[in-house]
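Okay, so here's the structure we're looking at.
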Amino acid sequence: IQFFTYFAFFWSLFDIGYQLKSIKKEKVGFAKKLLPTNEKYLLLPNDLIELNLKVSEFEKEKEKYLLTDLIKKACTKFRANKSIHEVIDIISIQVEINRDKAESEQSIIRYLVWVIPSIGFIGTVLGISKALMIANSGEMDAITATLGVAFDTTLVALVLSIIVMYLYHILQEETDKFHAGLKEY
């Protein structure tokens with residue numbers, strides 16, 4: 001039982017770490033200064049063609065980010081419709097789609113957060129069951145040792161679950177901050 005508890009714990013740690021690393025990599029796109037950040041700068045319709053080409057070249061030379069994809073979609077939408085309102089809508093919709101994808105990638109972590117304490121409780125039930133079977137023999141040392149192991153499985157699982165839940169909430173916070181920053185940028 002403890003093996004499965006630790007296996008689920010380390011699997012969730014690995015998955016959380018991987019996703020946090022992915023968010024950190026995506027945040028690098030903001031530092032590339034693909035869009036002007038000066039509030040006094042105004043993008044004109046002619047600038048969008050140049051911006052779209054700049055972002056496309058950037059993706060070919062370097063790396064593709066969610067930000068670059070979003071900028072290209074916004075430029076294409078504006079060139080097609082010349083409507084700022086529709087560009088804002090497409091940005092909002094695309095950010096929500098990206099957020100939904102990120103959330104669905106976290107489904108295995110949510111499952112592991114649930115399964116860790118469940119495995120601990122299964123260990124407790126099995127330990128108590130084994131202790132009750134030993135009770136017929138009257139060996140008190142064996143009964144107390146078995147009950148100790150049974151309750152230890154729950155304790156370990158609950159402690160590991162607390163750690164994973166904390167890290168999972170950090171992941172959720174970073175995901176939300178990233179997507180809000182994407183929309184704002």
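So you can find residues: chains in the structure tokens are A, B, ... in the order shown, residues in each start at 1, and ligands are numbered from 1 in order.
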
Can you tell me, as a PDB file with C-alpha atoms, in the first residue's frame, what residues are no more than 12 Å from Ile128 (chain A) when counting only C-alpha atoms, ignoring any on the same chain fewer than 3 positions away?
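The resulting selection39.pdb:
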```pdb
ATOM      1  CA  PHE A 121      -7.597   4.615   3.849  1.00  0.00           C
ATOM      2  CA  ILE A 122      -7.555   1.328   1.943  1.00  0.00           C
ATOM      3  CA  GLY A 123      -4.331   0.476   3.782  1.00  0.00           C
ATOM      4  CA  THR A 124      -6.004   1.252   7.081  1.00  0.00           C
ATOM      5  CA  VAL A 125      -9.007  -0.924   6.289  1.00  0.00           C
ATOM      6  CA  ALA A 131      -5.603  -7.241  12.970  1.00  0.00           C
ATOM      7  CA  LEU A 132      -9.107  -8.626  13.481  1.00  0.00           C
ATOM      8  CA  MET A 133      -8.049 -11.923  11.902  1.00  0.00           C
ATOM      9  CA  ILE A 134      -5.075 -12.079  14.271  1.00  0.00           C
ATOM     10  CA  ALA A 135      -7.342 -11.275  17.232  1.00  0.00           C
ATOM     11  CA  ALA A 142       0.975  -8.819  16.573  1.00  0.00           C
ATOM     12  CA  ILE A 143      -2.402  -7.073  16.783  1.00  0.00           C
ATOM     13  CA  THR A 144      -0.931  -3.758  17.949  1.00  0.00           C
ATOM     14  CA  ALA A 145       1.879  -3.936  15.373  1.00  0.00           C
ATOM     15  CA  THR A 146      -0.630  -4.546  12.578  1.00  0.00           C
ATOM     16  CA  LEU A 147      -2.861  -1.701  13.782  1.00  0.00           C
ATOM     17  CA  GLY A 148       0.194   0.590  13.971  1.00  0.00           C
ATOM     18  CA  VAL A 149       1.037  -0.143  10.335  1.00  0.00           C
ATOM     19  CA  ALA A 150      -2.608   0.345   9.386  1.00  0.00           C
ATOM     20  CA  PHE A 151      -2.806   3.793  10.922  1.00  0.00           C
ATOM     21  CA  ASP A 152       0.646   4.747   9.622  1.00  0.00           C
ATOM     22  CA  THR A 153      -0.559   4.216   6.052  1.00  0.00           C
ATOM     23  CA  THR A 154      -3.301   6.774   6.589  1.00  0.00           C
TER      24      THR A 154
END
```

Quick one, how far is CA of Leu158 (chain A) from CA of Phe14 (chain A)? 18.7 Å

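Closest to Ser92 (chain A) among A:Ile119, A:Leu35, A:Leu13, A:Ala74 is A:Ala74, based on only C-alpha atoms.
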
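With only C-alpha atoms as the atoms that count, the residue of A:Gly120, A:Gly181, A:Asp89, A:Thr175 with the shortest distance to Val159 (chain A) is A:Gly120.
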
Please provide the set of residues having any atom within 12 Å of Lys24 (chain A), restricted to only C-alpha atoms, with same-chain residues fewer than 5 positions apart removed, written as a PyMOL selection string. chain A and resi 17-19+29-31+65+171+174-175+177-178

Please produce an output containing N, CA, C and O atoms for each residue in the selection, written as an mmCIF file, in the first residue's frame.
```
data_model
loop_
_atom_site.group_PDB
_atom_site.id
_atom_site.type_symbol
_atom_site.label_atom_id
_atom_site.label_comp_id
_atom_site.auth_asym_id
_atom_site.auth_seq_id
_atom_site.Cartn_x
_atom_site.Cartn_y
_atom_site.Cartn_z
ATOM 1 N N GLY A 17 5.601 19.608 -11.510
ATOM 2 C CA GLY A 17 6.861 20.239 -11.904
ATOM 3 C C GLY A 17 6.945 20.469 -13.398
ATOM 4 O O GLY A 17 7.380 21.530 -13.855
ATOM 5 N N TYR A 18 6.508 19.482 -14.162
ATOM 6 C CA TYR A 18 6.522 19.605 -15.620
ATOM 7 C C TYR A 18 5.623 20.752 -16.080
ATOM 8 O O TYR A 18 6.008 21.553 -16.937
ATOM 9 N N GLN A 19 4.449 20.845 -15.502
ATOM 10 C CA GLN A 19 3.515 21.899 -15.914
ATOM 11 C C GLN A 19 3.983 23.279 -15.466
ATOM 12 O O GLN A 19 3.809 24.266 -16.194
ATOM 13 N N GLY A 29 8.006 34.248 -23.488
ATOM 14 C CA GLY A 29 7.477 34.950 -24.654
ATOM 15 C C GLY A 29 7.182 36.416 -24.382
ATOM 16 O O GLY A 29 7.324 37.258 -25.277
ATOM 17 N N PHE A 30 6.813 36.745 -23.140
ATOM 18 C CA PHE A 30 6.550 38.147 -22.798
ATOM 19 C C PHE A 30 7.818 38.987 -22.880
ATOM 20 O O PHE A 30 7.775 40.155 -23.244
ATOM 21 N N ALA A 31 8.950 38.385 -22.521
ATOM 22 C CA ALA A 31 10.216 39.123 -22.504
ATOM 23 C C ALA A 31 10.754 39.380 -23.914
ATOM 24 O O ALA A 31 11.666 40.190 -24.078
ATOM 25 N N TYR A 65 5.214 30.122 -29.074
ATOM 26 C CA TYR A 65 4.606 30.312 -27.764
ATOM 27 C C TYR A 65 3.106 30.502 -27.955
ATOM 28 O O TYR A 65 2.642 30.815 -29.051
ATOM 29 N N LEU A 171 0.290 25.536 -8.686
ATOM 30 C CA LEU A 171 0.180 25.352 -10.135
ATOM 31 C C LEU A 171 -1.055 26.056 -10.679
ATOM 32 O O LEU A 171 -0.983 26.747 -11.709
ATOM 33 N N GLU A 174 -0.440 29.823 -10.723
ATOM 34 C CA GLU A 174 0.476 30.208 -11.809
ATOM 35 C C GLU A 174 -0.214 30.129 -13.164
ATOM 36 O O GLU A 174 -0.008 30.981 -14.032
ATOM 37 N N THR A 175 -1.047 29.114 -13.343
ATOM 38 C CA THR A 175 -1.790 28.977 -14.595
ATOM 39 C C THR A 175 -2.742 30.154 -14.779
ATOM 40 O O THR A 175 -2.797 30.749 -15.859
ATOM 41 N N LYS A 177 -2.572 33.162 -13.363
ATOM 42 C CA LYS A 177 -1.798 34.389 -13.560
ATOM 43 C C LYS A 177 -1.269 34.478 -14.995
ATOM 44 O O LYS A 177 -1.275 35.547 -15.593
ATOM 45 N N PHE A 178 -0.785 33.344 -15.513
ATOM 46 C CA PHE A 178 -0.242 33.352 -16.865
ATOM 47 C C PHE A 178 -1.311 33.726 -17.889
ATOM 48 O O PHE A 178 -1.091 34.570 -18.754
#
```

Using only C-alpha atoms, which protein or nucleic acid residues come within 12 Å of Ser107 (chain A)? Drop anything in the same chain fewer than 3 positions from it, and give the result as number ranges by chain. A: 12, 15-16, 19, 100-104, 110-114, 168, 172

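In terms of minimum interatomic distance to His169 (chain A), A:Ile109 ranks closest within A:Ile109, A:Tyr6, A:Lys77, A:Glu26, counting only C-alpha atoms.
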
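The space between CA of Lys82 (chain A) and CA of Lys27 (chain A) spans 28.9 Å.
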
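Going from CA of Leu51 (chain A) to CA of Ile71 (chain A) covers 8.4 Å.
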
Which one of A:Leu34, A:Ile84, A:Ile23, A:Ile1 sits closest to Phe58 (chain A) if you count only C-alpha atoms? A:Leu34

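Distances from A:Lys32, A:His85, A:Arg99, A:Arg79 to Glu59 (chain A) were compared using only C-alpha atoms, and the smallest one belongs to A:Lys32.
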
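When only C-alpha atoms are used to compute distances to Phe78 (chain A), the closest of the residues A:Thr37, A:Ile49, A:Ile93, A:Ser56 turns out to be A:Ile49.
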